[in-house]
$ cat final-v5.csv   # CSV, C-alpha atoms
chain,number,residue,atom,x,y,z
A,1,MET,CA,10.7,-5.8,8.6
A,2,VAL,CA,7.5,-4.2,9.9
A,3,ARG,CA,7.6,-3.5,13.7
A,4,VAL,CA,4.4,-3.7,15.6
A,5,ALA,CA,4.0,-2.2,19.1
A,6,LEU,CA,1.3,-4.3,20.7
A,7,ASP,CA,-0.4,-3.3,23.9
A,8,ALA,CA,-0.4,-6.4,26.1
A,9,MET,CA,-2.5,-5.0,28.9
A,10,GLY,CA,-5.5,-3.7,26.9
A,11,GLY,CA,-8.8,-5.6,26.7
A,12,ASP,CA,-11.0,-7.9,28.7
A,13,TYR,CA,-8.8,-11.0,28.1
A,14,ALA,CA,-5.4,-9.3,28.5
A,15,PRO,CA,-2.7,-10.2,28.8
A,16,LYS,CA,-3.2,-13.9,27.9
A,17,GLN,CA,-5.1,-13.5,24.7
A,18,ILE,CA,-2.9,-10.7,23.6
A,19,VAL,CA,0.3,-12.7,24.2
A,20,VAL,CA,-1.2,-15.7,22.3
A,21,GLY,CA,-2.1,-13.4,19.4
A,22,ALA,CA,1.4,-11.9,19.5
A,23,ILE,CA,2.9,-15.4,19.1
A,24,GLU,CA,0.6,-16.3,16.2
A,25,ALA,CA,1.4,-13.0,14.4
A,26,ALA,CA,5.1,-13.3,15.0
A,27,CYS,CA,5.1,-16.9,13.7
A,28,GLY,CA,2.4,-16.6,11.0
A,29,LEU,CA,3.1,-13.3,9.3
A,30,GLU,CA,6.2,-12.6,7.1
A,31,ASN,CA,8.7,-9.9,7.9
A,32,VAL,CA,6.9,-8.8,11.1
A,33,LYS,CA,8.4,-8.2,14.6
A,34,ILE,CA,6.1,-7.9,17.6
A,35,LEU,CA,7.1,-5.5,20.4
A,36,LEU,CA,4.9,-6.7,23.2
A,37,VAL,CA,4.4,-3.8,25.6
A,38,GLY,CA,3.2,-4.4,29.2
A,39,ASN,CA,3.8,-5.6,32.7
A,40,LEU,CA,6.8,-7.9,32.5
A,41,ALA,CA,5.8,-10.1,35.5
A,42,ALA,CA,2.2,-10.5,34.2
A,43,ILE,CA,3.4,-11.5,30.7
A,44,GLN,CA,6.0,-13.9,32.1
A,45,LYS,CA,3.2,-15.5,34.3
A,46,VAL,CA,1.1,-16.0,31.2
A,47,VAL,CA,3.9,-17.6,29.3
A,48,ALA,CA,4.8,-19.9,32.2
A,49,ALA,CA,1.2,-21.3,32.2
A,50,PHE,CA,1.3,-22.1,28.5
A,51,SER,CA,1.4,-25.6,27.1
A,52,LYS,CA,4.8,-27.1,26.1
A,53,ASP,CA,4.1,-26.5,22.4
A,54,ARG,CA,3.1,-22.8,22.9
A,55,LYS,CA,6.1,-22.2,25.1
A,56,ALA,CA,8.3,-23.5,22.4
A,57,LEU,CA,6.7,-21.2,19.8
A,58,PHE,CA,7.2,-18.2,22.1
A,59,GLN,CA,10.8,-19.1,22.7
A,60,ARG,CA,11.4,-19.7,19.0
A,61,ALA,CA,9.9,-16.3,18.1
A,62,THR,CA,12.0,-14.5,20.8
A,63,GLU,CA,15.2,-16.3,19.7
A,64,LYS,CA,14.7,-15.3,16.1
A,65,GLY,CA,14.1,-11.7,17.0
A,66,LEU,CA,10.5,-11.8,15.9
A,67,LEU,CA,9.1,-11.1,19.4
A,68,GLU,CA,10.4,-8.8,22.1
A,69,ILE,CA,8.9,-7.7,25.5
A,70,VAL,CA,9.0,-4.0,26.2
A,71,PRO,CA,8.3,-3.3,29.9
A,72,ALA,CA,5.5,-0.8,31.0
A,73,THR,CA,4.8,-0.3,34.7
A,74,GLU,CA,1.2,1.0,34.4
A,75,GLU,CA,-2.0,0.3,32.5
A,76,ILE,CA,-5.2,2.1,31.6
A,77,GLU,CA,-8.4,0.5,32.7
A,78,MET,CA,-11.6,0.5,30.5
A,79,ASP,CA,-13.4,2.8,33.0
A,80,ASP,CA,-10.6,5.3,33.3
A,81,VAL,CA,-11.3,8.8,31.9
A,82,PRO,CA,-9.1,8.8,28.7
A,83,VAL,CA,-7.6,12.3,28.8
A,84,GLU,CA,-6.8,12.2,32.5
A,85,ALA,CA,-5.4,8.6,32.4
A,86,VAL,CA,-3.1,9.3,29.4
A,87,ARG,CA,-1.7,12.4,31.1
A,88,ARG,CA,-1.4,10.8,34.6
A,89,LYS,CA,-0.1,7.4,33.6
A,90,LYS,CA,3.0,8.3,31.6
A,91,ASP,CA,4.4,4.7,31.7
A,92,CYS,CA,1.2,2.9,30.9
A,93,SER,CA,1.3,0.3,28.1
A,94,ILE,CA,-0.7,2.5,25.6
A,95,ASN,CA,1.7,5.5,26.1
A,96,VAL,CA,4.8,3.4,26.0
A,97,ALA,CA,3.7,1.6,22.8
A,98,MET,CA,2.6,4.8,21.1
A,99,ARG,CA,6.0,6.4,21.9
A,100,LEU,CA,7.7,3.5,20.1
A,101,VAL,CA,5.9,4.6,17.0
A,102,LYS,CA,6.7,8.3,17.7
A,103,GLU,CA,10.4,7.4,18.1
A,104,LYS,CA,10.4,5.4,14.8
A,105,ARG,CA,11.1,2.2,16.8
A,106,ALA,CA,7.8,0.8,15.6
A,107,ASP,CA,5.7,1.2,12.5
A,108,VAL,CA,2.3,0.0,13.8
A,109,PHE,CA,0.4,0.4,17.1
A,110,VAL,CA,-2.3,-2.2,18.1
A,111,SER,CA,-4.5,-2.2,21.2
A,112,ALA,CA,-7.7,-3.8,22.5
A,113,GLY,CA,-7.7,-1.3,25.4
A,114,ASN,CA,-9.6,1.9,26.1
A,115,SER,CA,-10.3,3.3,22.7
A,116,GLY,CA,-10.6,6.9,24.0
A,117,ALA,CA,-7.3,6.6,25.6
A,118,VAL,CA,-5.7,5.2,22.4
A,119,ALA,CA,-7.1,8.1,20.4
A,120,THR,CA,-5.9,10.6,23.0
A,121,SER,CA,-2.5,9.1,23.3
A,122,ALA,CA,-2.1,9.0,19.5
A,123,ILE,CA,-2.9,12.7,19.2
A,124,VAL,CA,-0.7,13.7,22.1
A,125,ASN,CA,2.3,11.5,21.1
A,126,LEU,CA,2.0,11.4,17.3
A,127,GLY,CA,0.0,14.5,16.5
A,128,ARG,CA,-1.9,14.8,13.2
A,129,ILE,CA,-0.9,14.2,9.6
A,130,PRO,CA,-0.2,17.7,8.2
A,131,GLY,CA,-3.4,19.2,6.9
A,132,VAL,CA,-5.7,16.8,8.7
A,133,LYS,CA,-8.3,18.6,10.9
A,134,ARG,CA,-9.6,15.7,12.9
A,135,PRO,CA,-8.5,12.0,13.0
A,136,ALA,CA,-11.4,9.6,12.6
A,137,ILE,CA,-12.1,6.0,13.8
A,138,ALA,CA,-13.0,3.8,10.9
A,139,MET,CA,-14.9,0.4,11.3
A,140,VAL,CA,-14.9,-2.4,8.8
A,141,LEU,CA,-18.3,-4.0,8.4
A,142,PRO,CA,-19.4,-7.1,6.5
A,143,THR,CA,-21.8,-6.8,3.6
A,144,ARG,CA,-23.8,-9.1,1.4
A,145,ALA,CA,-20.8,-9.3,-0.9
A,146,PRO,CA,-18.2,-11.2,1.2
A,147,GLU,CA,-15.3,-9.8,-0.8
A,148,ARG,CA,-16.5,-6.2,-0.4
A,149,PRO,CA,-16.6,-5.1,3.3
A,150,LEU,CA,-17.6,-1.5,4.0
A,151,LEU,CA,-15.6,1.1,5.8
A,152,LEU,CA,-17.7,3.3,8.1
A,153,LEU,CA,-16.2,6.5,9.5
A,154,ASP,CA,-16.3,8.3,11.8
A,155,ALA,CA,-17.3,5.6,14.2
A,156,GLY,CA,-17.2,7.7,17.4
A,157,ALA,CA,-14.1,10.0,17.6
A,158,ASN,CA,-15.9,13.3,16.6
A,159,MET,CA,-19.5,13.9,17.8
A,160,ASP,CA,-20.1,17.3,16.2
A,161,CYS,CA,-18.4,17.8,12.8
A,162,HIS,CA,-17.9,20.5,10.2
A,163,PRO,CA,-18.4,19.7,6.5
A,164,ALA,CA,-14.6,20.0,5.9
A,165,TRP,CA,-14.0,17.3,8.4
A,166,LEU,CA,-16.4,14.9,6.7
A,167,VAL,CA,-14.7,15.6,3.3
A,168,GLN,CA,-11.4,14.6,4.9
A,169,PHE,CA,-13.0,11.5,6.4
A,170,ALA,CA,-14.1,10.5,2.8
A,171,ILE,CA,-10.6,11.1,1.4
A,172,MET,CA,-8.9,9.1,4.2
A,173,GLY,CA,-11.4,6.3,4.1
A,174,SER,CA,-11.0,6.0,0.3
A,175,VAL,CA,-7.2,5.6,0.7
A,176,TYR,CA,-7.6,3.0,3.4
A,177,SER,CA,-10.2,1.1,1.4
A,178,GLU,CA,-8.1,1.0,-1.7
A,179,LYS,CA,-4.8,0.1,-0.1
A,180,VAL,CA,-5.8,-2.2,2.8
A,181,LEU,CA,-9.2,-3.6,1.8
A,182,LYS,CA,-8.1,-3.8,-1.9
A,183,ARG,CA,-11.0,-2.0,-3.4
A,184,ALA,CA,-10.1,-0.4,-6.8
A,185,LYS,CA,-11.6,3.1,-6.9
A,186,PRO,CA,-13.7,2.8,-3.8
A,187,ALA,CA,-17.3,4.0,-4.0
A,188,VAL,CA,-17.8,6.7,-1.3
A,189,GLY,CA,-21.3,7.5,0.1
A,190,LEU,CA,-22.6,10.2,2.5
A,191,LEU,CA,-24.9,8.7,5.1
A,192,SER,CA,-28.3,10.4,5.0
A,193,ILE,CA,-32.0,9.8,5.3
A,194,GLY,CA,-32.5,9.6,1.5
A,195,THR,CA,-30.5,9.3,-1.7
A,196,GLU,CA,-31.7,12.7,-3.1
A,197,ASP,CA,-29.3,15.6,-2.6
A,198,CYS,CA,-32.1,17.6,-1.0
A,199,LYS,CA,-32.5,15.1,1.9
A,200,GLY,CA,-30.6,15.2,5.2
A,201,ASN,CA,-29.7,17.7,7.9
A,202,ALA,CA,-27.7,20.9,7.5
A,203,LEU,CA,-24.4,19.1,7.8
A,204,VAL,CA,-25.3,16.7,5.0
A,205,HIS,CA,-26.6,19.6,2.8
A,206,GLU,CA,-23.3,21.5,3.2
A,207,THR,CA,-21.1,18.5,2.8
A,208,TYR,CA,-22.7,17.0,-0.4
A,209,PRO,CA,-21.6,19.6,-2.9
A,210,ILE,CA,-18.1,19.8,-1.5
A,211,LEU,CA,-17.7,16.0,-1.8
A,212,LYS,CA,-19.1,16.1,-5.3
A,213,ALA,CA,-16.3,18.5,-6.3
A,214,VAL,CA,-13.4,16.6,-4.9
A,215,LYS,CA,-11.2,15.5,-7.8
A,216,GLY,CA,-10.2,11.8,-7.8
A,217,LEU,CA,-12.9,10.8,-5.2
A,218,ASN,CA,-15.5,8.3,-6.4
A,219,PHE,CA,-18.4,10.0,-4.6
A,220,VAL,CA,-21.7,8.2,-5.4
A,221,GLY,CA,-23.9,10.6,-3.5
A,222,ASN,CA,-26.1,10.1,-0.5
A,223,ILE,CA,-26.7,6.6,0.9
A,224,GLU,CA,-29.3,5.3,3.4
A,225,GLY,CA,-29.0,2.9,6.3
A,226,HIS,CA,-30.0,-0.1,4.2
A,227,ASP,CA,-27.1,0.5,1.9
A,228,ILE,CA,-24.6,-0.2,4.7
A,229,CYS,CA,-24.7,-3.9,4.2
A,230,GLY,CA,-25.7,-3.8,0.5
A,231,GLY,CA,-22.3,-4.5,-0.9
A,232,GLU,CA,-22.4,-1.7,-3.5
A,233,VAL,CA,-20.6,1.0,-1.5
A,234,ASP,CA,-17.1,0.8,-0.1
A,235,VAL,CA,-16.9,3.8,2.3
A,236,ALA,CA,-19.7,5.3,4.3
A,237,VAL,CA,-19.1,8.8,5.7
A,238,ALA,CA,-20.9,10.3,8.8
A,239,ASP,CA,-20.2,12.3,11.9
A,240,GLY,CA,-19.1,10.3,14.9
A,241,PHE,CA,-22.5,10.4,16.6
A,242,VAL,CA,-24.4,9.0,13.7
A,243,GLY,CA,-21.6,6.5,12.9
A,244,ASN,CA,-21.4,5.1,16.4
A,245,VAL,CA,-25.2,4.7,16.6
A,246,VAL,CA,-25.1,2.8,13.2
A,247,LEU,CA,-22.3,0.6,14.5
A,248,LYS,CA,-24.0,-0.2,17.8
A,249,THR,CA,-27.3,-0.8,16.2
A,250,ALA,CA,-25.8,-3.2,13.7
A,251,GLU,CA,-24.1,-5.1,16.5
A,252,SER,CA,-27.3,-5.3,18.4
A,253,VAL,CA,-29.4,-6.6,15.4
A,254,ALA,CA,-26.8,-9.2,14.6
A,255,HIS,CA,-26.9,-10.6,18.2
A,256,ALA,CA,-30.7,-10.4,18.3
A,257,VAL,CA,-31.1,-12.3,15.0
A,258,GLY,CA,-28.6,-15.0,16.2
A,259,GLY,CA,-30.6,-15.4,19.4
A,260,TRP,CA,-34.0,-15.6,17.6
A,261,LEU,CA,-32.7,-18.1,15.1
A,262,LYS,CA,-31.2,-20.3,17.8
A,263,ALA,CA,-34.5,-20.2,19.8
A,264,GLU,CA,-36.7,-21.1,16.8
A,265,LEU,CA,-34.4,-24.0,15.8
A,266,LYS,CA,-34.7,-25.5,19.3
A,267,LYS,CA,-38.5,-25.6,19.3
A,268,SER,CA,-38.8,-29.0,17.7
A,269,PHE,CA,-36.8,-32.1,17.0
A,270,PHE,CA,-37.5,-31.8,13.3
A,271,ARG,CA,-36.1,-28.2,13.3
A,272,MET,CA,-33.0,-29.4,15.1
A,273,CYS,CA,-32.4,-32.1,12.5
A,274,CYS,CA,-32.7,-29.6,9.8
A,275,ALA,CA,-30.3,-27.3,11.6
A,276,PHE,CA,-27.8,-30.2,11.7
A,277,LEU,CA,-28.1,-30.6,7.9
A,278,LEU,CA,-27.5,-26.9,7.5
A,279,LYS,CA,-24.5,-26.9,9.8
A,280,GLY,CA,-22.1,-26.0,7.0
A,281,ALA,CA,-24.2,-23.1,5.9
A,282,PHE,CA,-24.4,-21.7,9.5
A,283,LYS,CA,-20.6,-22.1,9.8
A,284,ALA,CA,-20.0,-20.1,6.6
A,285,LEU,CA,-22.5,-17.4,7.7
A,286,LYS,CA,-20.8,-17.2,11.2
A,287,LYS,CA,-17.4,-16.8,9.5
A,288,GLN,CA,-18.7,-14.1,7.2
A,289,LEU,CA,-20.2,-12.1,10.1
A,290,ASP,CA,-17.2,-12.7,12.5
A,291,PRO,CA,-16.0,-9.2,13.4
A,292,GLU,CA,-12.6,-10.6,14.5
A,293,VAL,CA,-11.4,-11.2,11.0
A,294,TYR,CA,-11.9,-7.6,9.8
A,295,GLY,CA,-8.7,-6.3,11.4
A,296,GLY,CA,-10.0,-3.8,14.0
A,297,ALA,CA,-10.6,-0.1,13.6
A,298,PRO,CA,-7.9,2.1,12.1
A,299,LEU,CA,-7.5,5.6,13.6
A,300,LEU,CA,-7.0,7.5,10.4
A,301,GLY,CA,-5.4,11.0,10.3
A,302,VAL,CA,-2.4,10.3,12.6
A,303,PRO,CA,1.2,9.4,11.4
A,304,GLY,CA,1.9,5.7,11.4
A,305,ALA,CA,-0.7,2.9,11.5
A,306,VAL,CA,-2.9,2.9,14.7
A,307,ILE,CA,-5.3,0.0,15.0
A,308,ILE,CA,-8.0,-0.2,17.8
A,309,THR,CA,-9.6,-3.6,18.4
A,310,HIS,CA,-12.7,-4.5,20.4
A,311,GLY,CA,-12.3,-4.8,24.2
A,312,ASN,CA,-13.4,-8.5,24.1
A,313,SER,CA,-10.8,-9.4,21.4
A,314,THR,CA,-9.4,-12.9,21.4
A,315,HIS,CA,-6.0,-14.0,20.0
A,316,LYS,CA,-7.7,-14.3,16.6
A,317,ALA,CA,-8.8,-10.7,16.6
A,318,ILE,CA,-5.3,-9.6,17.6
A,319,PHE,CA,-3.7,-11.6,14.8
A,320,TYR,CA,-6.0,-9.9,12.2
A,321,ALA,CA,-5.5,-6.5,13.7
A,322,VAL,CA,-1.7,-6.9,13.4
A,323,LYS,CA,-2.2,-8.1,9.9
A,324,ALA,CA,-4.3,-5.0,9.0
A,325,GLY,CA,-1.8,-2.7,10.7
A,326,VAL,CA,1.1,-4.3,8.7
A,327,ALA,CA,-0.9,-3.8,5.5
A,328,ALA,CA,-1.4,-0.1,6.3
A,329,ALA,CA,2.2,0.4,7.1
A,330,THR,CA,3.5,-1.5,4.1
A,331,ASN,CA,1.3,0.5,1.8
A,332,ASP,CA,2.2,3.8,3.5
A,333,VAL,CA,-1.4,4.7,4.1
A,334,SER,CA,-0.6,7.7,6.3
A,335,GLY,CA,1.8,9.0,3.6
A,336,LEU,CA,-0.9,8.6,0.9
A,337,ILE,CA,-3.4,10.3,3.1
A,338,GLU,CA,-1.1,13.3,3.6
A,339,LYS,CA,-0.6,13.5,-0.1
A,340,ALA,CA,-4.4,13.3,-0.8
A,341,ILE,CA,-5.3,15.9,1.8
A,342,ALA,CA,-2.6,18.3,0.4
A,343,GLU,CA,-3.9,17.8,-3.2
A,344,HIS,CA,-7.5,18.5,-2.0
A,345,ALA,CA,-6.4,21.6,-0.2
A,346,GLU,CA,-4.5,22.9,-3.3
A,347,GLY,CA,-7.5,22.1,-5.5
A,348,ALA,CA,-9.8,24.0,-3.1
A,349,LYS,CA,-7.5,27.0,-3.3
A,350,GLN,CA,-7.5,27.1,-7.1
A,351,SER,CA,-11.3,26.7,-7.3
$ encode --input "final-v5.csv" --output "structure tokens"
Amino acid sequence: MVRVALDAMGGDYAPKQIVVGAIEAACGLENVKILLVGNLAAIQKVVAAFSKDRKALFQRATEKGLLEIVPATEEIEMDDVPVEAVRRKKDCSINVAMRLVKEKRADVFVSAGNSGAVATSAIVNLGRIPGVKRPAIAMVLPTRAPERPLLLLDAGANMDCHPAWLVQFAIMGSVYSEKVLKRAKPAVGLLSIGTEDCKGNALVHETYPILKAVKGLNFVGNIEGHDICGGEVDVAVADGFVGNVVLKTAESVAHAVGGWLKAELKKSFFRMCCAFLLKGAFKALKKQLDPEVYGGAPLLGVPGAVIITHGNSTHKAIFYAVKAGVAAATNDVSGLIEKAIAEHAEGAKQS
């Protein structure tokens, strides 16, 4: 059974949406136990306000040993300074849940809370996988090929990077893409301003030949911004500054296009009638672009499976984040990353 330490106090809609997501994951996923970490009184208050049916599901999950509450007396707010908060609030839900993973009482950590605090707590409590220089936050993005989402890393954990770090990001991203996103021999691209190997800044120039020489890595060369959603690349590698800008820009464009489309369709009765006829297509498009179904952002490079979800996550996002974490733990992604990093280091020595 895979044990998931779920931070009940993190996110804009905590603890209610987190508790609902915990119930759905405990009841809907096989061989999974949820350790719901947070303020006991707050969680009990949420459960008390549930409908009769949802209360019954909660009770059934707890009686079967699929759901357990682990008390935590403190919580980290979204505007807290991550390093200070993690050190000061020893009994916060993020630290308590992360220690469960450290003590082998849980296999997966999931939180919709302060991402900086999660990354800090993971490094403080879990450390790094042997050989990993810097953990990276990876984001799963939709592409034109629905069955082929793209993994972008680093998405914000490391602003200034060395070439060796980007090489490790590529290796870690390739492992996650293959084992969790089910991409056979993932195509890995280095994000630049042109596909030619002479394009890009100093970091890209130095990283390119190293990536090209990594044995077993399906490196396809430089990729540009328009390749992100093209559906022909599985892993996009960049430093945390560039990766985060790409991520935020993509989110902004998606919201803007949605707003423009809605405004245009409302301009005439005829357009509204056409929109009604296209309701099925719009629903399918919305589902494909729904960030909540992509399972959150894994923090790659730390022992165990650590998943960070968006601050405004609903119960649906929590369910899929737990599902992604379980897949990472079941496939021993951290163990495979350790092996791949060690093999790369050995190969680099021999060359």
$ closest_residue --input "final-v5.csv" --among "A:Pro82, A:Gly295, A:Gly304, A:Gly216" --to "Val140 of chain A" --atoms "only C-alpha atoms"
A:Gly295
$ closest_residue --input "final-v5.csv" --among "A:His226, A:His162, A:His310, A:Arg271" --to "Gly10 of chain A" --atoms "all atoms listed in the file"
A:His310
$ atom_distance --input "final-v5.csv" --atom1 "atom CA of Ile307 of chain A" --atom2 "atom CA of Leu181 of chain A"
14.2 Å
$ closest_residue --input "final-v5.csv" --among "A:Leu261, A:Leu150, A:Ala202, A:Leu300" --to "Phe282 of chain A" --atoms "all atoms listed in the file"
A:Leu261
$ residues_around --input "final-v5.csv" --residues "Val333 of chain A" --least-positions-apart "2" --cutoff "10 Å" --atoms "only C-alpha atoms" --output "list of chain:residue names"
A:Met172, A:Val175, A:Tyr176, A:Ser177, A:Glu178, A:Lys179, A:Val180, A:Leu300, A:Gly301, A:Pro303, A:Gly304, A:Ala305, A:Gly325, A:Ala327, A:Ala328, A:Ala329, A:Thr330, A:Asn331, A:Gly335, A:Leu336, A:Ile337, A:Glu338, A:Lys339
$ write_last_selection --input "final-v5.csv" --atoms "C-alpha atoms" --output "compact mmCIF listing (two decimals), keeping the file's coordinate frame"
# COMPACT_ATOMS: atom_id res chain seq x y z
CA MET A 172 -8.90 9.10 4.20
CA VAL A 175 -7.20 5.60 0.70
CA TYR A 176 -7.60 3.00 3.40
CA SER A 177 -10.20 1.10 1.40
CA GLU A 178 -8.10 1.00 -1.70
CA LYS A 179 -4.80 0.10 -0.10
CA VAL A 180 -5.80 -2.20 2.80
CA LEU A 300 -7.00 7.50 10.40
CA GLY A 301 -5.40 11.00 10.30
CA PRO A 303 1.20 9.40 11.40
CA GLY A 304 1.90 5.70 11.40
CA ALA A 305 -0.70 2.90 11.50
CA GLY A 325 -1.80 -2.70 10.70
CA ALA A 327 -0.90 -3.80 5.50
CA ALA A 328 -1.40 -0.10 6.30
CA ALA A 329 2.20 0.40 7.10
CA THR A 330 3.50 -1.50 4.10
CA ASN A 331 1.30 0.50 1.80
CA GLY A 335 1.80 9.00 3.60
CA LEU A 336 -0.90 8.60 0.90
CA ILE A 337 -3.40 10.30 3.10
CA GLU A 338 -1.10 13.30 3.60
CA LYS A 339 -0.60 13.50 -0.10
$ residues_around --input "final-v5.csv" --residues "Ala145 of chain A" --least-positions-apart "2" --cutoff "9 Å" --atoms "all atoms listed in the file" --output "PyMOL selection string"
chain A and resi 142-143+147-149+229-232
$ residues_around --input "final-v5.csv" --residues "Ala42 of chain A" --least-positions-apart "3" --cutoff "10 Å" --atoms "all atoms listed in the file" --output "PDB file with C-alpha atoms, in the coordinates of the input"
ATOM      1  CA  ALA A   8      -0.400  -6.400  26.100  1.00  0.00           C
ATOM      2  CA  MET A   9      -2.500  -5.000  28.900  1.00  0.00           C
ATOM      3  CA  ALA A  14      -5.400  -9.300  28.500  1.00  0.00           C
ATOM      4  CA  PRO A  15      -2.700 -10.200  28.800  1.00  0.00           C
ATOM      5  CA  LYS A  16      -3.200 -13.900  27.900  1.00  0.00           C
ATOM      6  CA  GLY A  38       3.200  -4.400  29.200  1.00  0.00           C
ATOM      7  CA  ASN A  39       3.800  -5.600  32.700  1.00  0.00           C
ATOM      8  CA  LYS A  45       3.200 -15.500  34.300  1.00  0.00           C
ATOM      9  CA  VAL A  46       1.100 -16.000  31.200  1.00  0.00           C
ATOM     10  CA  VAL A  47       3.900 -17.600  29.300  1.00  0.00           C
ATOM     11  CA  ALA A  48       4.800 -19.900  32.200  1.00  0.00           C
TER      12      ALA A  48
END
$ residues_around --input "final-v5.csv" --residues "Asn31 of chain A" --least-positions-apart "5" --cutoff "9 Å" --atoms "all atoms listed in the file" --output "list in words"
Met1, Val2, Arg3, Ala26 and Leu66 of chain A
$ closest_residue --input "final-v5.csv" --among "A:Val108, A:Cys198, A:Val237, A:Tyr294" --to "Gln168 of chain A" --atoms "only C-alpha atoms"
A:Val237
$ closest_residue --input "final-v5.csv" --among "A:Lys215, A:Lys102, A:Lys286, A:Lys279" --to "Gly258 of chain A" --atoms "only C-alpha atoms"
A:Lys286
$ residues_around --input "final-v5.csv" --residues "Leu36 of chain A" --least-positions-apart "4" --cutoff "9 Å" --atoms "only C-alpha atoms" --output "PyMOL selection string"
chain A and resi 4-8+18-19+22+67-71+97
$ closest_residue --input "final-v5.csv" --among "A:Val81, A:Lys182, A:Ala164, A:Leu141" --to "Ala250 of chain A" --atoms "only C-alpha atoms"
A:Leu141
$ atom_distance --input "final-v5.csv" --atom1 "atom CA of Met78 of chain A" --atom2 "atom CA of Thr314 of chain A"
16.3 Å
$ atom_distance --input "final-v5.csv" --atom1 "atom CA of Val253 of chain A" --atom2 "atom CA of Pro298 of chain A"
23.4 Å
